[in-house]
Structure formats: structure tokens, C-alpha cells
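Visitor: The structure that follows is given in the form of C-alpha cells.
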Amino acid sequence: MAKRDFYEVLGVDRQADEKQLKNAFRQLAKKYHPDANRDDESAQEKFQEISEAYDALKDPQTRAAYDRFGHAAFENGGPGAGGAGGFGPEFSSSMSDVFEDLFGDFMGGGGGRRQGGGGAQRGSDLRYNLEISLIDAFKGKSAQINVPTSVTCETCDGSGAKPGTSPTTCGTCGGAGAVRASQGFFTVERTCPACHGQGQTISDPCTDCNGQGRANKERTLSVNIPAGVEDGTRIRVAGKGEAGARGGPTGDLYIFLSLKPHEFFQRDGADLFCSVPITMASAALGGDVEVPTIDGNKARVTIPEGTQSGKQFRLRSKGMPVLRSQQKGDMYIQVNVETPVNLSKKQQDLLKEFEAEKRDNSPQSAGFFSKAKAFWDGFK
């Protein structure tokens, strides 16, 4: 039976570009793949036919030969001639790329390509937890930290090979870091057993790093902490993580900040809160009170007469700076009326005299107990 025209098999015209050819093959391969058509014996023949057509047309040289000579180009040892059924020696390689796209998600690859060869691997990122004071967060600071990490081996300059020697390309995988084996219509790729995915082998490793190209060391770094950082802020220091294996790029260092509790101030975003105790007399008669501010100065707050416990007073722009901004938050002073203790006999007598004089001095108490009396009367 005469073979059908390859363009007709794929359902494209002769002017189709590489992308159109690949898309056509992808759709047909999904439709006629034997695993998806176990009850249809003709599916395998159809799949072989479209695979042969795509294998011939995907390469510009074999396509040019086919356009000129037709199927005769692949017969009698002609250009692109392959084995039985027209599958040449490059079939496994070309089909592997396509099947990675078609079925990569099921194999965990997501259609990606192996980045093999060279032996170099990026170093790991590091995390460092740093605790600072609220004052440091207000002003900003430069901190010195000691980070235990791996650095590039100075003896072999990160190559992993003994000075005077160098790594050699793996003879098993040709430097790819992986080997492929054909299983039917599929090509299975696995890590090279000789170089363990490095793509290179070291016959004479460096004695100081045992061929890893890096060594453990404590590194002292200066870190700039900007004003306005908050609890949980993450600072990235590029290229200060672990050194890469065999000369690979260095990872990054991530510094996670935590703030120590302050004796006066509690923080909420850029705002600060300060609880200030005042005497019963100050609350009743009014007066002034001096309070500390985060910048080390003082602020005078006027307390009006009759101030109740829990009253807040706002001091504009006396809070924390907003990170990477000229703005500042506010500071809130909350007064708490303190009940006097350790009273003298005279003070006790004065308070008793004050309590005995029935006037409307405590409207909240009067209102509460008036409602309480009505509540109790409701149960009678």
C-alpha cells in the first residue's frame, strides 16, 4: 500500500512553519496514542504514521529532501533513511522533546527541560533571625552579624578538583547529567549513574573540600536596617547565602527581624501607644503631665478636669517612621486614673467627707446603679 503524503497525514499545507507542524502533531498524538486507545488496534498504526511524518518534516534538511524527492528520499540509504517504518536514529531524541510537552505534567516535569551539564549548582538560600530594639527600628542601624555558611573553597577556587587538575566531561552522559533509554515509543530520562547528574567527573578531588568546591566557614556581614522596619520584616542580601557546588552561583541570605518589647511603648503599624498613670486629683481637677517620646524627648499633655480613666490623647507625628517614606505615625497617650493607696488618717477623713456630700460628682456610677435598681425591680 502506497504511503500517504506526510503533509496530508499531519493535516497541514506545504507552507506550514515549525510551530504549525508541532501543534498538528501534538493534537494527533494525543488523539491516537495507543495508551488512550487500548481497544482500537488501528490507533497504533495511525500513531506510527503521524510520528513518521513529523520526524521527517520537523528537521529542515530531511523536509527539504522530502519536498524534492518524496518518500524516495528515505529509501535505499537516501537522505534521512532510517530503520523499519521510517524511524531514523534521531527519532528517540526528537520524540523525547515532544513527549515531554505532551505528558510532562504526568511525569512531574511540567514540560520543562533538564538543566544538566557543567556540574555547577546554585547554593542554598540562608535564613538568619535578628532581634532588634524598638529604638533601632525607629532610627535604623547597621548591624554586624556572624553567619555560619559554606563559602567557595580557596584552594581549588570552587572547581572541586585538586589544584593543577580540572574536572572532565562525563563519558557516560557526555556532560548532560542524564542518560536516556528508549522503551517502545517513549524515551525515559534518568540521572546519570556515573556523575550523579553533575555532567562532570573529578578523578583527583581537592583535599580541602573533598571535591565539593566549597567549605564551611563563619562569615561576618554588615547589614543595613532601614528606619521603620516592623516585626517580621524580611531583608534580602543577594549573593550572601551558601556558595554553589563546583563554582555554581551563590544563594541569597534572608534576615528576618523581630522587635523586643519596649518598657513604655506598644506599636501598631506606624502608631505608638503609651499608658500613663495619673492621680485621682489630677483627673478630677485637671493639670499637665510630661510623657517620654520615642526620639528621647518629652511631650507635655494637658489633662482637662473630669478626665476619665482610659481617655486617649493624640500627639501627631510622634510615632514611628513609615518604611522608605518621609511620613511618621502618631503617638497616643492613654491615661489611667490610679486609685490612691496607703492613705493617712487625715486623707481617709477627707475622702469620707467628700463621699458624704451627696452631689452629682459621679454620673456614670449614678447611672449604672439606677439601671441596676430598675433591673432588680423587674424580678419582683
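Residues in the C-alpha cells are numbered from 1 in each chain, the chains being A, B, ... in the order shown, and ligands are numbered from 1 in the order shown.
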Pick out the residues sitting within 8 Å of Ile278 of chain A, and hand them over as a PyMOL selection string; count only C-alpha atoms, and ignore anything fewer than 6 positions along from it in its own chain.

Guide: chain A and resi 335-338

Visitor: Among segment 182-350 of chain A, which ones does DSSP place in alpha helix (DSSP H), written as a PyMOL selection string?

Guide: chain A and resi 280-285+345-350

Visitor: Grab the atom CA of Leu315 of chain A to atom CA of Pro226 of chain A distance for me, in Å with one decimal place.

Guide: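 Separation of atom CA of Leu315 of chain A and atom CA of Pro226 of chain A: 23.7 Å.
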
Visitor: Name the closest residue to Lys46 of chain A among the candidates A:Val12, A:Ser258, A:Asp59, A:Arg4; distances are taken between atoms, counting only C-alpha atoms.

Guide: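 Of all the options, A:Arg4 lies closest to Lys46 of chain A.
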
Visitor: Need the shell around segment 147-150 of chain A: protein/DNA/RNA residues with any atom at most 10 Å away, counting only C-alpha atoms. Skip same-chain ones fewer than 4 positions apart. Format as a list in words?

Guide: Gly123, Ser124, Asp125, Leu126, Arg127, Tyr128, Gly213, Arg214, Ala215, Asn216, Lys217, Glu218, Arg219, Thr220, Leu221, Lys240, Gly241, Glu242, Ala243, Gly244, Ala245, Thr250 and Leu253 of chain A

Visitor: Considering only C-alpha atoms, return as a PyMOL selection string whatever protein or nucleic-acid residues lie within 9 Å of Tyr32 of chain A, sequence-local ones (same chain, fewer than 5 positions apart) excluded.

Guide: chain A and resi 27+37+42-47

Visitor: Let's have the selection written as a PDB file, in the first residue's frame, with all heavy atoms.

Guide:
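This went into result15.pdb:
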ATOM      1  N   GLN A  27      -1.677  17.477  18.611  1.00  0.00           N
ATOM      2  CA  GLN A  27      -3.104  17.159  18.641  1.00  0.00           C
ATOM      3  C   GLN A  27      -3.374  15.722  18.181  1.00  0.00           C
ATOM      4  O   GLN A  27      -4.159  14.982  18.789  1.00  0.00           O
ATOM      5  CB  GLN A  27      -3.870  18.146  17.742  1.00  0.00           C
ATOM      6  CG  GLN A  27      -3.795  19.592  18.220  1.00  0.00           C
ATOM      7  CD  GLN A  27      -4.383  19.792  19.605  1.00  0.00           C
ATOM      8  OE1 GLN A  27      -5.397  19.188  19.946  1.00  0.00           O
ATOM      9  NE2 GLN A  27      -3.743  20.631  20.403  1.00  0.00           N
ATOM     10  N   ASN A  37      -6.047   4.499  23.433  1.00  0.00           N
ATOM     11  CA  ASN A  37      -6.936   3.760  22.531  1.00  0.00           C
ATOM     12  C   ASN A  37      -6.624   2.271  22.604  1.00  0.00           C
ATOM     13  O   ASN A  37      -6.280   1.631  21.598  1.00  0.00           O
ATOM     14  CB  ASN A  37      -6.758   4.265  21.090  1.00  0.00           C
ATOM     15  CG  ASN A  37      -7.090   5.721  20.923  1.00  0.00           C
ATOM     16  OD1 ASN A  37      -8.229   6.107  20.668  1.00  0.00           O
ATOM     17  ND2 ASN A  37      -6.064   6.571  21.062  1.00  0.00           N
ATOM     18  N   SER A  42      -6.194  -0.088  15.307  1.00  0.00           N
ATOM     19  CA  SER A  42      -5.717   0.772  14.220  1.00  0.00           C
ATOM     20  C   SER A  42      -5.033   2.029  14.755  1.00  0.00           C
ATOM     21  O   SER A  42      -4.334   2.719  14.009  1.00  0.00           O
ATOM     22  CB  SER A  42      -6.878   1.172  13.312  1.00  0.00           C
ATOM     23  OG  SER A  42      -7.826   1.954  14.032  1.00  0.00           O
ATOM     24  N   ALA A  43      -5.238   2.322  16.041  1.00  0.00           N
ATOM     25  CA  ALA A  43      -4.661   3.543  16.599  1.00  0.00           C
ATOM     26  C   ALA A  43      -3.146   3.498  16.571  1.00  0.00           C
ATOM     27  O   ALA A  43      -2.493   4.506  16.311  1.00  0.00           O
ATOM     28  CB  ALA A  43      -5.163   3.750  18.027  1.00  0.00           C
ATOM     29  N   GLN A  44      -2.565   2.311  16.859  1.00  0.00           N
ATOM     30  CA  GLN A  44      -1.110   2.211  16.865  1.00  0.00           C
ATOM     31  C   GLN A  44      -0.537   2.466  15.479  1.00  0.00           C
ATOM     32  O   GLN A  44       0.476   3.150  15.330  1.00  0.00           O
ATOM     33  CB  GLN A  44      -0.671   0.838  17.367  1.00  0.00           C
ATOM     34  CG  GLN A  44       0.849   0.688  17.456  1.00  0.00           C
ATOM     35  CD  GLN A  44       1.269  -0.590  18.166  1.00  0.00           C
ATOM     36  OE1 GLN A  44       0.445  -1.266  18.768  1.00  0.00           O
ATOM     37  NE2 GLN A  44       2.542  -0.920  18.084  1.00  0.00           N
ATOM     38  N   GLU A  45      -1.183   1.916  14.440  1.00  0.00           N
ATOM     39  CA  GLU A  45      -0.718   2.162  13.075  1.00  0.00           C
ATOM     40  C   GLU A  45      -0.824   3.639  12.717  1.00  0.00           C
ATOM     41  O   GLU A  45       0.068   4.212  12.095  1.00  0.00           O
ATOM     42  CB  GLU A  45      -1.532   1.321  12.093  1.00  0.00           C
ATOM     43  CG  GLU A  45      -1.358  -0.184  12.283  1.00  0.00           C
ATOM     44  CD  GLU A  45      -2.186  -0.979  11.283  1.00  0.00           C
ATOM     45  OE1 GLU A  45      -2.850  -0.348  10.425  1.00  0.00           O
ATOM     46  OE2 GLU A  45      -2.171  -2.220  11.346  1.00  0.00           O
ATOM     47  N   LYS A  46      -1.932   4.236  13.135  1.00  0.00           N
ATOM     48  CA  LYS A  46      -2.117   5.654  12.862  1.00  0.00           C
ATOM     49  C   LYS A  46      -1.061   6.479  13.595  1.00  0.00           C
ATOM     50  O   LYS A  46      -0.503   7.437  13.040  1.00  0.00           O
ATOM     51  CB  LYS A  46      -3.522   6.078  13.314  1.00  0.00           C
ATOM     52  CG  LYS A  46      -3.891   7.506  12.953  1.00  0.00           C
ATOM     53  CD  LYS A  46      -4.105   7.674  11.464  1.00  0.00           C
ATOM     54  CE  LYS A  46      -4.603   9.077  11.128  1.00  0.00           C
ATOM     55  NZ  LYS A  46      -4.768   9.269   9.680  1.00  0.00           N
ATOM     56  N   PHE A  47      -0.773   6.092  14.845  1.00  0.00           N
ATOM     57  CA  PHE A  47       0.224   6.798  15.631  1.00  0.00           C
ATOM     58  C   PHE A  47       1.612   6.680  14.997  1.00  0.00           C
ATOM     59  O   PHE A  47       2.374   7.640  14.953  1.00  0.00           O
ATOM     60  CB  PHE A  47       0.237   6.249  17.061  1.00  0.00           C
ATOM     61  CG  PHE A  47       1.150   7.001  17.989  1.00  0.00           C
ATOM     62  CD1 PHE A  47       0.778   8.224  18.514  1.00  0.00           C
ATOM     63  CD2 PHE A  47       2.394   6.484  18.331  1.00  0.00           C
ATOM     64  CE1 PHE A  47       1.625   8.929  19.376  1.00  0.00           C
ATOM     65  CE2 PHE A  47       3.240   7.179  19.182  1.00  0.00           C
ATOM     66  CZ  PHE A  47       2.849   8.408  19.707  1.00  0.00           C
TER      67      PHE A  47
END

Visitor: In terms of the shortest atom-to-atom distance over only C-alpha atoms, which of A:Arg300, A:Lys311, A:Lys260, A:Lys3 is closest to Ser275 of chain A?

Guide: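 When distances to Ser275 of chain A are compared using only C-alpha atoms, the smallest one comes from A:Lys311.
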
Visitor: Find the spatial neighbours of Arg14 of chain A, counting only C-alpha atoms, within a cut-off of 12 Å - ignore same-chain residues fewer than 5 positions away - and output them as a list in words.

Guide: Asp5, Phe6, Tyr7, Glu8, Val9, Gln20, Leu21, Leu57, Arg63, Ala64, Tyr66, Asp67 and Arg68 of chain A

Visitor: Enter the distance from atom CA of Leu350 of chain A to atom CA of Ser370 of chain A, in Å, rounded to one decimal.

Guide: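 Atom-to-atom, atom CA of Leu350 of chain A to atom CA of Ser370 of chain A, that is 26.3 Å.
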
Visitor: Provide the atom CA of Ala178 of chain A to atom CA of Pro249 of chain A distance in Å, to one decimal place.

Guide: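 These atoms are spaced 21.2 Å apart.
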
Visitor: For Gly306 of chain A, which residue out of A:Ser282, A:Asn146, A:Asn342, A:Ser203 is the nearest one, using only C-alpha atoms?

Guide: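 Closest residue, counting only C-alpha atoms: A:Ser282.
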
Visitor: Could you pull the residues within 10 Å of Leu285 of chain A, counting only C-alpha atoms, minus those fewer than 4 positions along the same chain, as a list in words?

Guide: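 Contacts, in chain order: Thr279, Met280, Ala281, Ile303, Pro304, Glu305, Gly306 and Thr307 of chain A.
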
Visitor: Suppose we keep N, CA and C atoms; can you now write the selection as a short mmCIF file (atom, residue, chain, number, x, y, z; two decimals), in the first residue's frame?

Guide:
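Here's the written file out_19.cif:
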data_model
loop_
_atom_site.label_atom_id
_atom_site.label_comp_id
_atom_site.auth_asym_id
_atom_site.auth_seq_id
_atom_site.Cartn_x
_atom_site.Cartn_y
_atom_site.Cartn_z
N THR A 279 -2.96 60.72 88.93
CA THR A 279 -3.63 60.64 90.24
C THR A 279 -5.11 60.97 90.10
N MET A 280 -5.85 60.54 91.11
CA MET A 280 -7.28 60.83 91.13
C MET A 280 -7.51 62.34 91.16
N ALA A 281 -6.66 63.06 91.90
CA ALA A 281 -6.81 64.51 91.98
C ALA A 281 -6.55 65.17 90.63
N ILE A 303 -4.19 67.68 80.79
CA ILE A 303 -5.29 66.82 81.23
C ILE A 303 -6.46 67.72 81.66
N PRO A 304 -7.58 67.72 80.97
CA PRO A 304 -8.72 68.55 81.38
C PRO A 304 -9.37 68.00 82.65
N GLU A 305 -10.03 68.86 83.43
CA GLU A 305 -10.68 68.40 84.65
C GLU A 305 -11.81 67.43 84.32
N GLY A 306 -11.99 66.47 85.18
CA GLY A 306 -13.02 65.46 84.98
C GLY A 306 -12.63 64.37 83.99
N THR A 307 -11.32 64.22 83.69
CA THR A 307 -10.86 63.18 82.75
C THR A 307 -11.10 61.79 83.33
#

Visitor: Go through A:Ile235, A:Gly164, A:Gly329, A:Val289 and flag the residue nearest Arg267 of chain A, using only C-alpha atoms for the distances.

Guide: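 For Arg267 of chain A, the nearest of the given residues is A:Gly329.
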
Visitor: Find the spatial neighbours of Pro321 of chain A, counting only C-alpha atoms, within a cut-off of 12 Å - ignore same-chain residues fewer than 3 positions away - and output them as a list in words.

Guide: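 Near Pro321 of chain A, the qualifying residues are Leu134, Ile135, Asp136, Ala137, Phe138, Lys139, Gly140, Pro226, Ala227, Gly228, Val229, Glu230, Arg267, Gly269, Ala270, Asp271, Leu272, Ile294, Asp295, Ser317, Lys318, Arg324, Ser325, Gln326, Gln327, Lys328, Gly329, Asp330 and Met331 of chain A.
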
Visitor: Restricted to N, CA, C and O atoms, what would the selected residues look like written as a short mmCIF file (atom, residue, chain, number, x, y, z; two decimals), in the first residue's frame?

Guide:
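Result file follows (out-v2.cif):
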data_model
loop_
_atom_site.label_atom_id
_atom_site.label_comp_id
_atom_site.auth_asym_id
_atom_site.auth_seq_id
_atom_site.Cartn_x
_atom_site.Cartn_y
_atom_site.Cartn_z
N LEU A 134 13.08 48.49 69.68
CA LEU A 134 12.16 49.42 69.03
C LEU A 134 12.89 50.72 68.66
O LEU A 134 12.58 51.33 67.63
N ILE A 135 13.86 51.11 69.48
CA ILE A 135 14.64 52.31 69.19
C ILE A 135 15.45 52.10 67.90
O ILE A 135 15.56 53.01 67.06
N ASP A 136 16.02 50.91 67.72
CA ASP A 136 16.75 50.61 66.48
C ASP A 136 15.82 50.66 65.28
O ASP A 136 16.21 51.14 64.20
N ALA A 137 14.60 50.17 65.46
CA ALA A 137 13.62 50.21 64.37
C ALA A 137 13.22 51.64 64.05
O ALA A 137 12.90 51.97 62.91
N PHE A 138 13.24 52.52 65.07
CA PHE A 138 12.90 53.92 64.87
C PHE A 138 14.02 54.67 64.13
O PHE A 138 13.77 55.42 63.18
N LYS A 139 15.24 54.44 64.55
CA LYS A 139 16.37 55.17 63.98
C LYS A 139 16.96 54.50 62.74
O LYS A 139 17.52 55.16 61.87
N GLY A 140 16.86 53.16 62.68
CA GLY A 140 17.64 52.42 61.69
C GLY A 140 19.04 52.20 62.23
O GLY A 140 19.50 52.95 63.10
N PRO A 226 16.96 49.60 57.68
CA PRO A 226 16.37 50.93 57.48
C PRO A 226 15.40 51.31 58.59
O PRO A 226 14.83 50.43 59.26
N ALA A 227 15.21 52.60 58.81
CA ALA A 227 14.27 53.09 59.81
C ALA A 227 12.84 52.73 59.39
O ALA A 227 12.48 52.80 58.21
N GLY A 228 12.04 52.30 60.38
CA GLY A 228 10.64 51.99 60.10
C GLY A 228 10.34 50.53 59.91
O GLY A 228 9.19 50.17 59.65
N VAL A 229 11.34 49.65 60.04
CA VAL A 229 11.07 48.21 59.87
C VAL A 229 10.12 47.74 60.97
O VAL A 229 10.08 48.28 62.07
N GLU A 230 9.33 46.73 60.63
CA GLU A 230 8.37 46.19 61.58
C GLU A 230 8.75 44.77 61.98
O GLU A 230 9.62 44.14 61.36
N ARG A 267 3.48 49.11 69.85
CA ARG A 267 3.41 49.56 68.46
C ARG A 267 2.25 48.92 67.73
O ARG A 267 1.96 47.74 67.91
N GLY A 269 1.53 49.17 63.74
CA GLY A 269 1.91 49.78 62.47
C GLY A 269 2.89 50.91 62.73
O GLY A 269 3.93 50.74 63.34
N ALA A 270 2.56 52.11 62.26
CA ALA A 270 3.43 53.27 62.48
C ALA A 270 3.03 54.05 63.73
O ALA A 270 3.71 55.00 64.09
N ASP A 271 1.94 53.66 64.39
CA ASP A 271 1.48 54.37 65.58
C ASP A 271 2.04 53.74 66.85
O ASP A 271 2.29 52.53 66.90
N LEU A 272 2.22 54.59 67.86
CA LEU A 272 2.69 54.14 69.16
C LEU A 272 1.64 54.45 70.23
O LEU A 272 0.92 55.45 70.13
N ILE A 294 9.44 58.59 71.56
CA ILE A 294 10.34 57.57 71.04
C ILE A 294 11.69 58.14 70.63
O ILE A 294 12.70 57.43 70.60
N ASP A 295 11.75 59.45 70.36
CA ASP A 295 13.01 60.06 69.94
C ASP A 295 13.87 60.51 71.12
O ASP A 295 14.90 61.15 70.94
N SER A 317 2.44 62.87 64.57
CA SER A 317 3.79 62.67 64.03
C SER A 317 4.83 62.37 65.11
O SER A 317 6.02 62.65 64.92
N LYS A 318 4.39 61.82 66.23
CA LYS A 318 5.32 61.41 67.28
C LYS A 318 5.47 59.89 67.33
O LYS A 318 6.00 59.34 68.31
N ARG A 324 10.71 53.55 54.22
CA ARG A 324 11.03 54.17 52.93
C ARG A 324 10.06 55.30 52.58
O ARG A 324 9.56 55.42 51.46
N SER A 325 9.77 56.13 53.58
CA SER A 325 8.86 57.26 53.40
C SER A 325 9.26 58.36 54.37
O SER A 325 9.94 58.13 55.38
N GLN A 326 8.82 59.58 54.07
CA GLN A 326 9.07 60.71 54.97
C GLN A 326 7.98 60.85 56.03
O GLN A 326 8.08 61.69 56.92
N GLN A 327 6.95 60.04 55.94
CA GLN A 327 5.83 60.14 56.87
C GLN A 327 6.15 59.47 58.21
O GLN A 327 7.03 58.59 58.29
N LYS A 328 5.42 59.90 59.23
CA LYS A 328 5.53 59.29 60.55
C LYS A 328 4.13 59.04 61.10
O LYS A 328 3.18 59.76 60.78
N GLY A 329 4.03 58.03 61.94
CA GLY A 329 2.77 57.75 62.59
C GLY A 329 2.54 58.69 63.77
O GLY A 329 3.31 59.62 64.01
N ASP A 330 1.47 58.44 64.51
CA ASP A 330 1.11 59.27 65.66
C ASP A 330 1.38 58.50 66.96
O ASP A 330 1.55 57.28 66.96
N MET A 331 1.39 59.25 68.05
CA MET A 331 1.56 58.65 69.36
C MET A 331 0.28 58.93 70.17
O MET A 331 -0.24 60.05 70.16
#

Visitor: Nearest residue to Ala16 of chain A out of A:Lys31, A:Lys373, A:His196, A:Lys58, using only C-alpha atoms?

Guide: A:Lys58
